[in-house]
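Next up, entry.cif (mmCIF, C-alpha atoms):
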data_input
#
loop_
_atom_site.label_atom_id
_atom_site.label_comp_id
_atom_site.auth_asym_id
_atom_site.auth_seq_id
_atom_site.Cartn_x
_atom_site.Cartn_y
_atom_site.Cartn_z
CA MET V 42 -15.19 57.18 -21.99
CA SER V 43 -18.26 55.70 -23.64
CA ARG V 44 -21.52 56.40 -21.86
CA ASP V 45 -22.25 52.67 -22.13
CA TRP V 46 -19.52 52.03 -19.57
CA ARG V 47 -19.95 55.11 -17.41
CA TRP V 48 -22.41 53.36 -15.14
CA VAL V 49 -19.59 50.97 -14.21
CA THR V 50 -16.98 53.63 -13.50
CA GLU V 51 -19.49 55.66 -11.48
CA LEU V 52 -20.16 52.79 -9.08
CA SER V 53 -19.57 53.88 -5.50
CA LEU V 54 -16.58 52.58 -3.57
CA LEU V 55 -18.05 53.79 -0.28
CA HIS V 56 -21.45 52.10 -0.32
CA GLY V 57 -23.63 50.05 -2.61
CA PRO V 58 -22.99 46.80 -4.53
CA LEU V 59 -19.34 47.33 -5.52
CA HIS V 60 -18.33 48.32 -2.00
CA ALA V 61 -20.23 45.32 -0.58
CA ALA V 62 -18.63 43.01 -3.16
CA LEU V 63 -15.14 44.18 -2.19
CA LEU V 64 -15.87 43.54 1.48
CA VAL V 65 -17.14 40.06 0.64
CA ALA V 66 -14.00 39.52 -1.45
CA VAL V 67 -11.89 40.22 1.64
CA VAL V 68 -13.67 37.51 3.59
CA LEU V 69 -13.74 34.96 0.79
CA GLY V 70 -10.18 35.68 -0.34
CA THR V 71 -8.85 35.32 3.19
CA GLY V 72 -10.79 32.08 3.51
CA VAL V 73 -9.24 30.70 0.33
CA LEU V 74 -5.75 31.61 1.55
CA LEU V 75 -6.38 29.91 4.89
CA LEU V 76 -7.98 26.81 3.39
CA ARG V 77 -5.34 24.16 3.83
CA ARG V 78 -5.35 20.88 5.69
CA GLY V 79 -2.75 19.73 8.16
CA ARG V 80 -1.85 20.57 11.71
CA PRO V 81 1.52 22.22 10.86
CA TRP V 82 -0.28 24.75 8.66
CA TRP V 83 -2.51 25.96 11.48
CA THR V 84 -0.05 25.67 14.34
CA ARG V 85 3.06 27.00 12.60
CA ARG V 86 2.58 28.77 9.30
CA VAL V 87 -0.63 30.69 10.03
CA PRO V 88 0.78 32.13 13.30
CA VAL V 89 4.00 33.01 11.45
CA ALA V 90 1.98 34.79 8.76
CA ALA V 91 -0.06 36.69 11.35
CA ALA V 92 3.11 37.72 13.18
CA GLY V 93 4.71 38.79 9.91
CA ALA V 94 1.71 40.94 8.99
CA LEU V 95 1.75 42.55 12.45
CA LEU V 96 5.46 43.31 12.08
CA LEU V 97 4.82 44.91 8.70
CA VAL V 98 2.04 47.06 10.17
CA ALA V 99 4.39 48.05 12.98
CA ALA V 100 7.03 48.95 10.39
CA VAL V 101 4.52 51.15 8.56
CA TRP V 102 3.60 52.85 11.84
CA LEU V 103 7.27 53.35 12.74
CA LEU V 104 8.07 54.74 9.29
CA LEU V 105 5.24 57.25 9.52
CA ASP V 106 6.13 58.12 13.11
CA VAL V 107 9.78 58.74 12.25
CA THR V 108 9.45 60.46 8.89
CA HIS V 109 6.25 62.42 9.68
CA PRO V 110 5.20 62.72 6.01
CA TRP V 111 2.08 64.44 7.39
CA PRO V 112 1.35 65.75 10.91
CA ASP V 113 -1.72 63.59 11.61
CA PRO V 114 -1.45 59.93 12.62
CA LEU V 115 -3.52 57.35 10.77
CA PRO V 116 -6.65 56.23 12.64
CA LEU V 117 -6.75 52.72 14.06
CA ASP V 118 -9.27 51.45 11.52
CA ALA V 119 -6.93 52.49 8.71
CA TYR V 120 -4.13 50.45 10.30
CA ALA V 121 -6.54 47.52 10.68
CA TRP V 122 -7.30 47.57 6.95
CA ILE V 123 -3.60 47.89 6.15
CA GLY V 124 -3.01 44.82 8.32
CA VAL V 125 -5.67 42.86 6.44
CA GLY V 126 -4.13 43.88 3.12
CA LEU V 127 -0.65 42.82 4.25
CA LEU V 128 -1.79 39.51 5.74
CA ALA V 129 -2.99 38.24 2.35
CA PRO V 130 0.36 38.27 0.49
CA VAL V 131 2.14 36.95 3.60
CA LEU V 132 -0.29 34.00 3.75
CA LEU V 133 0.28 33.45 0.04
CA ALA V 134 4.05 33.43 0.56
CA VAL V 135 4.14 31.03 3.52
CA GLY V 136 1.78 28.63 1.75
CA TRP V 137 3.46 28.78 -1.65
CA ALA V 138 5.89 25.87 -1.38
CA GLY V 139 4.64 22.44 -2.39
CA ARG V 140 1.38 23.65 -3.92
CA ARG V 141 0.11 22.79 -7.38
CA TRP V 142 0.20 25.46 -10.05
CA TRP V 143 -3.55 25.96 -10.13
CA VAL V 144 -3.65 26.31 -6.34
CA ARG V 145 -0.97 28.97 -6.58
CA VAL V 146 -2.94 30.84 -9.26
CA LEU V 147 -6.08 30.63 -7.14
CA GLY V 148 -4.16 31.87 -4.11
CA ALA V 149 -2.65 34.77 -6.02
CA GLY V 150 -6.09 35.82 -7.25
CA ALA V 151 -7.49 35.56 -3.73
CA ALA V 152 -4.64 37.67 -2.34
CA LEU V 153 -5.24 40.31 -5.00
CA LEU V 154 -8.93 40.49 -4.11
CA VAL V 155 -8.11 40.89 -0.41
CA VAL V 156 -5.64 43.69 -1.16
CA LEU V 157 -8.21 45.49 -3.32
CA GLY V 158 -10.87 45.10 -0.65
CA ALA V 159 -8.52 46.34 2.05
CA ALA V 160 -7.60 49.35 -0.08
CA ASP V 161 -11.31 50.11 -0.38
CA GLY V 162 -11.56 49.82 3.40
CA VAL V 163 -8.80 52.40 3.85
CA ASP V 164 -10.50 54.64 1.27
CA ALA V 165 -13.78 54.39 3.18
CA VAL V 166 -12.08 55.86 6.27
CA TYR V 167 -11.65 59.20 4.50
CA GLY V 168 -13.88 58.95 1.43
CA SER V 169 -11.16 60.34 -0.84
CA PHE V 170 -12.17 58.28 -3.90
CA PRO V 171 -15.95 57.86 -3.84
CA THR V 172 -16.23 56.10 -7.22
CA LEU V 173 -14.27 53.74 -9.42
CA ALA V 174 -13.68 56.61 -11.85
CA THR V 175 -12.07 58.77 -9.18
CA ALA V 176 -9.90 55.90 -7.94
CA LEU V 177 -8.65 55.31 -11.49
CA GLN V 178 -8.32 59.08 -12.08
CA LEU V 179 -10.40 58.87 -15.24
CA PRO V 180 -11.48 62.08 -17.03
CA MET V 181 -14.43 63.77 -15.35
CA PRO V 182 -17.82 64.02 -17.05
CA ASP V 183 -17.68 67.82 -17.41
CA GLU V 184 -13.95 68.05 -18.11
CA VAL V 185 -12.99 70.17 -21.11
CA ASP V 186 -9.77 71.19 -22.80
CA ALA V 187 -8.47 74.38 -21.19
CA ARG V 188 -8.08 76.01 -24.61
CA THR V 189 -11.81 75.84 -25.24
CA VAL V 190 -12.61 78.00 -22.22
CA LEU V 191 -9.48 80.09 -21.70
CA ASP V 192 -8.45 81.07 -25.22
CA ALA V 193 -11.92 82.13 -26.27
CA ALA V 194 -12.20 85.72 -25.08
CA VAL V 195 -15.85 86.75 -25.00
CA PRO V 196 -17.47 90.01 -23.91
CA ALA V 197 -17.98 90.21 -20.18
CA ALA V 198 -21.29 91.58 -19.01
CA ALA V 199 -21.23 94.46 -16.54
CA ALA V 200 -21.83 93.55 -12.94
CA ALA V 201 -24.74 96.00 -12.88
CA PRO V 202 -26.57 97.85 -15.68
CA ALA V 203 -25.43 101.41 -16.32
CA GLY V 204 -27.15 104.02 -14.22
CA LEU V 205 -28.16 101.59 -11.46
CA PRO V 206 -26.39 101.22 -8.13
CA ALA V 207 -24.11 98.24 -7.88
CA GLY V 208 -25.53 95.34 -5.94
CA PRO V 209 -25.49 91.57 -5.70
CA LEU V 210 -24.86 89.98 -9.08
CA ALA V 211 -28.01 87.87 -8.77
CA GLN V 212 -30.08 91.07 -8.98
CA THR V 213 -28.49 92.32 -12.19
CA TRP V 214 -27.71 89.12 -14.09
CA HIS V 215 -30.18 87.92 -16.70
CA PRO V 216 -29.34 84.40 -17.87
CA PRO V 217 -29.65 83.65 -21.59
CA GLN V 218 -32.02 81.03 -22.89
CA ASP V 219 -29.11 78.77 -23.88
CA LEU V 220 -27.59 78.76 -20.38
CA PRO V 221 -25.68 75.46 -19.99
CA ALA V 222 -27.11 73.01 -17.49
CA HIS V 223 -23.69 72.27 -16.03
CA GLY V 224 -20.41 74.01 -15.46
CA ALA V 225 -17.05 72.79 -16.75
CA VAL V 226 -13.80 71.68 -15.16
CA THR V 227 -10.41 71.93 -16.73
CA GLN V 228 -6.77 71.42 -15.84
CA VAL V 229 -4.27 74.26 -16.27
CA ALA V 230 -0.64 75.02 -15.54
CA ILE V 231 -0.06 77.97 -13.22
CA PRO V 232 3.69 78.68 -13.22
CA GLY V 233 5.56 79.90 -10.15
CA THR V 234 6.87 82.96 -11.97
CA ARG V 235 7.64 85.04 -8.88
CA SER V 236 7.90 82.33 -6.26
CA GLY V 237 9.92 79.70 -8.08
CA PHE V 238 7.49 77.19 -6.57
CA THR V 239 7.28 73.96 -8.56
CA ALA V 240 3.55 73.32 -8.69
CA ARG V 241 1.55 70.50 -10.19
CA PRO V 242 -1.24 71.48 -12.62
CA ALA V 243 -4.23 73.23 -11.05
CA TRP V 244 -7.91 72.53 -11.66
CA ILE V 245 -10.56 75.13 -12.44
CA TYR V 246 -14.33 74.95 -12.09
CA LEU V 247 -16.26 77.35 -14.33
CA PRO V 248 -20.00 77.71 -13.56
CA PRO V 249 -22.67 77.76 -16.27
CA ALA V 250 -22.85 81.58 -16.31
CA TYR V 251 -19.14 81.75 -17.17
CA LEU V 252 -19.72 79.61 -20.26
CA THR V 253 -22.24 82.01 -21.82
CA ALA V 254 -21.60 84.43 -24.68
CA HIS V 255 -21.76 87.46 -22.35
CA ARG V 256 -20.45 86.16 -19.07
CA PRO V 257 -20.87 88.10 -15.84
CA LEU V 258 -17.82 89.01 -13.79
CA LEU V 259 -17.97 86.29 -11.18
CA PRO V 260 -16.20 86.16 -7.80
CA VAL V 261 -13.30 83.79 -7.22
CA LEU V 262 -12.92 81.03 -4.64
CA VAL V 263 -9.40 79.62 -4.25
CA LEU V 264 -9.84 76.13 -2.81
CA ILE V 265 -6.92 74.15 -1.36
CA GLY V 266 -6.68 70.44 -0.68
CA GLY V 267 -5.21 68.47 2.17
CA GLN V 268 -1.83 66.84 2.75
CA PRO V 269 -1.12 64.29 1.40
CA GLY V 270 -3.15 65.14 -1.63
CA SER V 271 -3.47 66.70 -5.06
CA PRO V 272 -5.35 69.67 -6.57
CA ARG V 273 -7.95 67.26 -7.98
CA ASP V 274 -9.03 66.06 -4.53
CA TRP V 275 -11.80 68.65 -4.18
CA LEU V 276 -13.30 67.34 -7.44
CA ASP V 277 -12.97 63.67 -6.45
CA GLY V 278 -13.59 63.30 -2.74
CA GLY V 279 -15.35 66.65 -2.41
CA ARG V 280 -17.60 66.32 -5.49
CA LEU V 281 -16.93 70.02 -6.03
CA ALA V 282 -18.39 70.23 -9.55
CA GLN V 283 -21.68 68.63 -8.50
CA ARG V 284 -21.99 70.86 -5.44
CA MET V 285 -21.32 74.00 -7.46
CA ASP V 286 -23.64 72.89 -10.26
CA ASP V 287 -26.42 72.36 -7.71
CA PHE V 288 -25.88 75.84 -6.32
CA ALA V 289 -25.77 77.36 -9.81
CA ALA V 290 -28.98 75.57 -10.79
CA ALA V 291 -30.75 77.37 -7.95
CA HIS V 292 -29.19 80.75 -8.81
CA ALA V 293 -29.64 81.22 -12.57
CA GLY V 294 -26.28 79.65 -13.41
CA LEU V 295 -24.32 81.79 -10.94
CA ALA V 296 -21.60 80.36 -8.73
CA PRO V 297 -18.02 81.34 -7.92
CA VAL V 298 -15.22 80.49 -10.30
CA VAL V 299 -13.25 77.94 -8.27
CA VAL V 300 -9.48 77.74 -8.66
CA MET V 301 -7.84 74.67 -7.11
CA PRO V 302 -4.07 75.25 -7.19
CA ASP V 303 -1.31 73.00 -5.93
CA ALA V 304 -0.29 74.26 -2.49
CA LEU V 305 2.08 71.36 -1.79
CA GLY V 306 4.42 70.80 -4.74
CA GLY V 307 4.12 67.02 -4.34
CA GLU V 308 1.78 64.37 -2.97
CA VAL V 309 3.40 64.26 0.49
CA ALA V 310 5.36 67.54 0.46
CA ASP V 311 4.53 70.07 3.19
CA PRO V 312 5.74 73.63 2.55
CA LEU V 313 3.56 74.89 5.45
CA CYS V 314 1.76 77.35 3.14
CA THR V 315 4.42 79.96 3.81
CA ASP V 316 7.74 81.15 2.41
CA SER V 317 10.56 79.12 3.92
CA ALA V 318 13.30 76.66 3.12
CA LEU V 319 10.53 74.20 2.25
CA GLY V 320 9.31 76.36 -0.64
CA HIS V 321 7.68 79.70 -1.32
CA ALA V 322 4.09 78.54 -1.14
CA ASP V 323 2.72 81.82 0.18
CA THR V 324 4.17 83.84 -2.70
CA TYR V 325 2.90 81.24 -5.15
CA LEU V 326 -0.67 81.32 -3.85
CA ALA V 327 -0.92 85.03 -3.07
CA GLN V 328 0.93 86.33 -6.15
CA ASP V 329 1.49 83.77 -8.91
CA VAL V 330 -1.97 82.23 -8.72
CA VAL V 331 -3.63 85.63 -8.36
CA ASP V 332 -1.68 87.03 -11.32
CA TRP V 333 -2.67 84.04 -13.44
CA VAL V 334 -6.35 84.42 -12.56
CA ASP V 335 -6.26 88.13 -13.37
CA HIS V 336 -4.61 87.48 -16.73
CA ASP V 337 -6.26 84.28 -17.92
CA LEU V 338 -9.79 84.39 -16.50
CA GLN V 339 -12.54 86.98 -16.94
CA VAL V 340 -13.65 87.40 -13.34
CA ASP V 341 -14.44 90.10 -10.81
CA GLN V 342 -11.02 91.60 -10.09
CA ASP V 343 -12.23 93.32 -6.93
CA THR V 344 -10.65 91.07 -4.33
CA ALA V 345 -13.28 92.17 -1.83
CA HIS V 346 -15.30 89.52 -3.69
CA TRP V 347 -12.64 86.82 -3.43
CA ALA V 348 -12.43 83.99 -0.92
CA VAL V 349 -10.01 81.22 0.02
CA GLY V 350 -10.83 77.88 1.55
CA GLY V 351 -9.53 74.43 2.20
CA LEU V 352 -9.61 71.22 4.21
CA SER V 353 -7.15 70.06 6.89
CA TYR V 354 -3.78 71.40 5.60
CA GLY V 355 -5.79 73.48 3.14
CA GLY V 356 -7.95 74.85 5.96
CA THR V 357 -4.84 75.88 7.86
CA CYS V 358 -3.53 77.41 4.64
CA ALA V 359 -6.77 79.33 4.11
CA LEU V 360 -6.51 80.74 7.62
CA GLN V 361 -2.88 81.73 7.05
CA LEU V 362 -3.65 83.46 3.75
CA ALA V 363 -6.68 85.28 5.15
CA VAL V 364 -4.66 86.53 8.12
CA ALA V 365 -1.55 87.46 6.13
CA HIS V 366 -3.42 88.99 3.14
CA PRO V 367 -6.76 90.35 4.41
CA THR V 368 -7.36 92.66 1.44
CA LEU V 369 -6.76 89.82 -1.00
CA PHE V 370 -8.74 87.16 0.88
CA PRO V 371 -11.19 88.88 3.24
CA THR V 372 -13.34 85.75 3.31
CA PHE V 373 -12.18 82.24 4.18
CA TYR V 374 -13.56 78.72 4.64
CA ASP V 375 -11.60 76.56 7.08
CA ALA V 376 -12.62 72.88 7.21
CA SER V 377 -10.83 70.92 9.95
CA GLY V 378 -7.76 73.12 9.76
CA GLN V 379 -5.08 73.40 12.41
CA GLN V 380 -4.39 76.56 14.37
CA GLY V 381 -1.09 77.12 12.61
CA PRO V 382 1.58 75.59 10.34
CA THR V 383 3.23 72.51 11.83
CA LEU V 384 5.20 69.42 10.96
CA GLY V 385 4.20 67.79 14.21
CA ASP V 386 5.94 69.90 16.86
CA PRO V 387 7.35 73.47 17.01
CA GLN V 388 11.02 72.45 17.22
CA ARG V 389 10.84 70.13 14.22
CA THR V 390 8.87 72.71 12.24
CA ALA V 391 11.23 75.59 13.01
CA GLN V 392 14.28 73.48 12.18
CA ALA V 393 12.97 72.22 8.84
CA ALA V 394 11.48 75.50 7.65
CA PHE V 395 13.63 78.23 9.21
CA GLY V 396 16.88 76.59 10.26
CA GLY V 397 15.77 76.44 13.87
CA ASP V 398 14.67 80.10 14.06
CA ALA V 399 11.64 79.94 16.37
CA ALA V 400 10.98 83.68 15.93
CA ALA V 401 10.64 83.23 12.17
CA LEU V 402 8.08 80.48 12.73
CA ALA V 403 6.18 82.66 15.22
CA ALA V 404 6.06 85.46 12.64
CA VAL V 405 3.93 83.31 10.31
CA ASP V 406 1.78 81.82 13.07
CA PRO V 407 -1.76 83.12 12.40
CA LEU V 408 -2.59 83.19 16.11
CA GLN V 409 0.38 85.48 16.71
CA GLU V 410 -0.64 87.69 13.78
CA LEU V 411 -4.22 87.89 15.02
CA ARG V 412 -2.99 89.21 18.37
CA GLY V 413 -1.18 92.11 16.70
CA ARG V 414 -3.72 93.31 14.11
CA VAL V 415 -7.42 94.00 13.68
CA TYR V 416 -9.51 92.60 10.82
CA PRO V 417 -12.81 94.48 10.75
CA GLY V 418 -13.55 93.53 7.12
CA SER V 419 -12.67 89.84 7.35
CA ALA V 420 -14.93 86.86 7.98
CA GLY V 421 -14.46 83.13 8.31
CA TYR V 422 -16.62 80.02 8.18
CA LEU V 423 -15.18 77.16 10.26
CA VAL V 424 -16.40 73.57 10.20
CA VAL V 425 -15.13 70.45 11.96
CA GLY V 426 -16.38 66.93 12.66
CA THR V 427 -18.05 66.09 15.94
CA GLN V 428 -15.79 63.02 16.17
CA ASP V 429 -12.61 64.97 15.48
CA PRO V 430 -11.79 66.24 19.00
CA GLY V 431 -8.24 67.42 18.36
CA TYR V 432 -9.29 69.61 15.47
CA ALA V 433 -12.45 70.74 17.27
CA ALA V 434 -10.30 72.11 20.08
CA GLN V 435 -8.13 73.96 17.56
CA GLN V 436 -11.25 75.33 15.87
CA ARG V 437 -12.36 76.85 19.18
CA THR V 438 -8.94 78.43 19.63
CA VAL V 439 -8.95 79.90 16.11
CA ALA V 440 -12.55 81.13 16.42
CA ALA V 441 -11.79 82.92 19.69
CA ALA V 442 -8.61 84.55 18.38
CA ALA V 443 -10.19 85.63 15.08
CA THR V 444 -13.26 87.04 16.83
CA ALA V 445 -11.07 89.00 19.24
CA ALA V 446 -9.24 90.46 16.21
CA GLY V 447 -12.49 91.77 14.73
CA MET V 448 -13.35 89.00 12.28
CA ALA V 449 -16.93 87.83 11.87
CA ILE V 450 -16.69 84.10 12.57
CA THR V 451 -19.20 81.32 12.00
CA ALA V 452 -18.10 78.07 13.66
CA THR V 453 -20.04 74.85 13.07
CA GLN V 454 -19.71 71.12 13.64
CA LEU V 455 -21.03 68.31 11.45
CA PRO V 456 -21.34 64.59 12.18
CA GLY V 457 -18.17 62.77 11.24
CA ARG V 458 -14.44 62.52 11.73
CA HIS V 459 -11.50 63.93 9.76
CA GLU V 460 -13.12 63.00 6.44
CA TRP V 461 -14.70 64.19 3.23
CA LYS V 462 -18.22 63.78 4.58
CA VAL V 463 -17.49 66.74 6.86
CA TRP V 464 -15.45 68.84 4.43
CA GLY V 465 -17.73 68.51 1.41
CA ASP V 466 -21.01 68.91 3.27
CA GLY V 467 -19.48 71.80 5.17
CA LEU V 468 -18.75 73.58 1.90
CA THR V 469 -22.32 73.04 0.72
CA ASP V 470 -23.58 74.54 3.97
CA ALA V 471 -21.18 77.46 3.63
CA LEU V 472 -22.05 78.29 0.01
CA PRO V 473 -24.97 80.67 0.78
CA TRP V 474 -22.72 82.52 3.22
CA LEU V 475 -19.87 82.59 0.69
CA ALA V 476 -22.23 83.81 -2.06
CA HIS V 477 -23.39 86.67 0.13
CA ARG V 478 -19.85 87.59 1.19
CA THR V 479 -18.54 87.55 -2.39
CA GLY V 480 -21.34 89.65 -3.85
CA LEU V 481 -23.26 86.95 -5.69
CA THR V 482 -26.45 87.12 -3.61
CA SER V 483 -28.06 89.52 -1.19
#

With the file now loaded, output its structure as structure tokens.
Amino acid sequence: MSRDWRWVTELSLLHGPLHAALLVAVVLGTGVLLLRRGRPWWTRRVPVAAAGALLLVAAVWLLLDVTHPWPDPLPLDAYAWIGVGLLAPVLLAVGWAGRRWWVRVLGAGAALLVVLGAADGVDAVYGSFPTLATALQLPMPDEVDARTVLDAAVPAAAAAPAGLPAGPLAQTWHPPQDLPAHGAVTQVAIPGTRSGFTARPAWIYLPPAYLTAHRPLLPVLVLIGGQPGSPRDWLDGGRLAQRMDDFAAAHAGLAPVVVMPDALGGEVADPLCTDSALGHADTYLAQDVVDWVDHDLQVDQDTAHWAVGGLSYGGTCALQLAVAHPTLFPTFYDASGQQGPTLGDPQRTAQAAFGGDAAALAAVDPLQELRGRVYPGSAGYLVVGTQDPGYAAQQRTVAAAATAAGMAITATQLPGRHEWKVWGDGLTDALPWLAHRTGLTS
């Protein structure tokens, strides 16, 4: 996209003039739809429209409650915005008959503005799409063709000069004068060769040091999104590239290589991050993704310097992977994760994933695994929102169980709910800890 228009697509949907304009559009658009003279309109049709919108909201709630496309219920303010968005077309419909063509056009435009404003209101609850560019899924500023960074094999610098003891990479890395100011992001296909898992394309963040002629062997952070969601969510809602670029700017271009694979297989799919009838997500993440990284990226292949992390579903997944594969992922970042895989309740989960076998579900429950093993070399960084009580309680349970199993646990809370403000800022806070654990810094 032309830089002349980038200022428009980078307008915030969460605050600032565009966000304010969309909120004003909701008020004005609703006013236009209500603006009609006559007692029957106000005493009959408007109440009918309001009742119809409430019924539609109830239908949405019932659908989500019955189908459980994700374990967590929507917050009340999200339902309120959904109600506002549904009221507009219902008002348009009940007031359509007998109106002139230009009034109908005006009403349709008003309804569209209300729907757009309500959608922005729902987005503001989580902060998933902070800008117009992310909402439209436009190419990212630092996005490059995968072939330009993956096909070009360049010499990899040694992690430490010959004859010196190995140590943190920051002590042995000497950045070149032409070190890029920013890293790069690219989209790649990681096939489910062993697992048979049908994954959507993954995203990769490569820090400035990786883009140099003699790149250092950098550690790897596998970062998993939430459910519903996509692998790009950490780049959109989490502003992952900017956060990593900021860290790299303060550390001579060094930052982890971040791999963001698809751990779901679809926007609302939920394979529970394990191997079951719902898909072999564990094998995909712990074998297929790892094999691809080893083969296609020049990184530190010592998995003692690897980490896994995620938010909500992805946080639960990070915990599961760290517990099930401690030598592969000895370090994990768990942002608002649950204490174990679930589709809402144990019976439903066991039935969908293991044909009703509760013992099979218990075998992949990280709390059960933590009771039976010790993890002296593992460590976790847990973060949750202060206004997210259900997940805060689960964080305390996980922290206690992991500590009892020998893990070094850091548990923190940040202001906020179950939202990107917590997950993204939590990652920024965890980066110095992650850098130390993965051998980047002392």

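Residues in contact with Gly267 in chain V at 8 Å, where all atoms listed in the file are counted and same-chain residues fewer than 5 positions away are skipped, are listed as Gly351, Leu352, Ser353, Tyr354, Gly355 and Gly356 of chain V.
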
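Remark: for Gln379 in chain V, the closest of the candidate residues V:Pro260, V:Pro112, V:Gly93, V:Pro297 is V:Pro112 (distances computed over all atoms listed in the file).
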
Show me the residues close to (-23.2, 84.1, 0.0) - anything with an atom within 12 Å, counting all atoms listed in the file - and format the list as a PDB file with C-alpha atoms, keeping the file's coordinate frame.
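Dumped everything to point.pdb:
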ATOM      1  CA  PRO V 209     -25.490  91.570  -5.700  1.00  0.00           C
ATOM      2  CA  LEU V 210     -24.860  89.980  -9.080  1.00  0.00           C
ATOM      3  CA  ALA V 211     -28.010  87.870  -8.770  1.00  0.00           C
ATOM      4  CA  PRO V 260     -16.200  86.160  -7.800  1.00  0.00           C
ATOM      5  CA  LEU V 262     -12.920  81.030  -4.640  1.00  0.00           C
ATOM      6  CA  PHE V 288     -25.880  75.840  -6.320  1.00  0.00           C
ATOM      7  CA  HIS V 292     -29.190  80.750  -8.810  1.00  0.00           C
ATOM      8  CA  LEU V 295     -24.320  81.790 -10.940  1.00  0.00           C
ATOM      9  CA  ALA V 296     -21.600  80.360  -8.730  1.00  0.00           C
ATOM     10  CA  PRO V 297     -18.020  81.340  -7.920  1.00  0.00           C
ATOM     11  CA  HIS V 346     -15.300  89.520  -3.690  1.00  0.00           C
ATOM     12  CA  TRP V 347     -12.640  86.820  -3.430  1.00  0.00           C
ATOM     13  CA  ALA V 348     -12.430  83.990  -0.920  1.00  0.00           C
ATOM     14  CA  THR V 372     -13.340  85.750   3.310  1.00  0.00           C
ATOM     15  CA  PHE V 373     -12.180  82.240   4.180  1.00  0.00           C
ATOM     16  CA  TYR V 374     -13.560  78.720   4.640  1.00  0.00           C
ATOM     17  CA  ALA V 420     -14.930  86.860   7.980  1.00  0.00           C
ATOM     18  CA  TYR V 422     -16.620  80.020   8.180  1.00  0.00           C
ATOM     19  CA  LEU V 468     -18.750  73.580   1.900  1.00  0.00           C
ATOM     20  CA  THR V 469     -22.320  73.040   0.720  1.00  0.00           C
ATOM     21  CA  ASP V 470     -23.580  74.540   3.970  1.00  0.00           C
ATOM     22  CA  ALA V 471     -21.180  77.460   3.630  1.00  0.00           C
ATOM     23  CA  LEU V 472     -22.050  78.290   0.010  1.00  0.00           C
ATOM     24  CA  PRO V 473     -24.970  80.670   0.780  1.00  0.00           C
ATOM     25  CA  TRP V 474     -22.720  82.520   3.220  1.00  0.00           C
ATOM     26  CA  LEU V 475     -19.870  82.590   0.690  1.00  0.00           C
ATOM     27  CA  ALA V 476     -22.230  83.810  -2.060  1.00  0.00           C
ATOM     28  CA  HIS V 477     -23.390  86.670   0.130  1.00  0.00           C
ATOM     29  CA  ARG V 478     -19.850  87.590   1.190  1.00  0.00           C
ATOM     30  CA  THR V 479     -18.540  87.550  -2.390  1.00  0.00           C
ATOM     31  CA  GLY V 480     -21.340  89.650  -3.850  1.00  0.00           C
ATOM     32  CA  LEU V 481     -23.260  86.950  -5.690  1.00  0.00           C
ATOM     33  CA  THR V 482     -26.450  87.120  -3.610  1.00  0.00           C
ATOM     34  CA  SER V 483     -28.060  89.520  -1.190  1.00  0.00           C
TER      35      SER V 483
END

**OP:** Find the residues near Asp375 in chain V: any atom within 12 Å, counting all atoms listed in the file, skip ones fewer than 2 places away on the same chain, and give them as a VMD selection string.
**Re:** chain V and resid 263 to 267 348 to 363 372 to 373 377 to 381 420 to 425 432 to 433 435 to 436 439 to 440 450 to 454 463 to 465 467 to 468 471

**OP:** I need the residue set behind the PyMOL selection byres ((chain V and resi 388-394) around 9) for this file; please write it as a PyMOL selection string.
**Re:** chain V and resi 312-313+316-320+382-387+395-403

Keeping N, CA and C atoms, write range 275-283 of chain V of the structure just shown out as a CSV table (one decimal), in the first residue's frame.
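Output (decode_11.csv):
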chain,number,residue,atom,x,y,z
V,275,TRP,N,-1.3,-12.6,17.0
V,275,TRP,CA,-0.2,-12.0,17.8
V,275,TRP,C,0.4,-10.8,17.1
V,276,LEU,N,0.4,-10.7,15.8
V,276,LEU,CA,0.9,-9.6,15.0
V,276,LEU,C,-0.1,-8.4,15.0
V,277,ASP,N,-1.4,-8.8,15.0
V,277,ASP,CA,-2.4,-7.7,14.9
V,277,ASP,C,-2.7,-7.2,16.3
V,278,GLY,N,-3.5,-7.9,17.1
V,278,GLY,CA,-3.9,-7.5,18.4
V,278,GLY,C,-2.7,-7.4,19.4
V,279,GLY,N,-1.7,-8.2,19.2
V,279,GLY,CA,-0.6,-8.2,20.1
V,279,GLY,C,0.6,-7.3,19.7
V,280,ARG,N,0.5,-6.7,18.5
V,280,ARG,CA,1.6,-5.9,18.0
V,280,ARG,C,3.0,-6.5,18.2
V,281,LEU,N,3.0,-7.8,17.9
V,281,LEU,CA,4.2,-8.6,18.2
V,281,LEU,C,5.5,-8.0,17.5
V,282,ALA,N,5.4,-7.6,16.3
V,282,ALA,CA,6.6,-7.1,15.5
V,282,ALA,C,7.1,-5.9,16.2
V,283,GLN,N,6.2,-5.0,16.6
V,283,GLN,CA,6.7,-3.7,17.2
V,283,GLN,C,7.3,-4.0,18.6
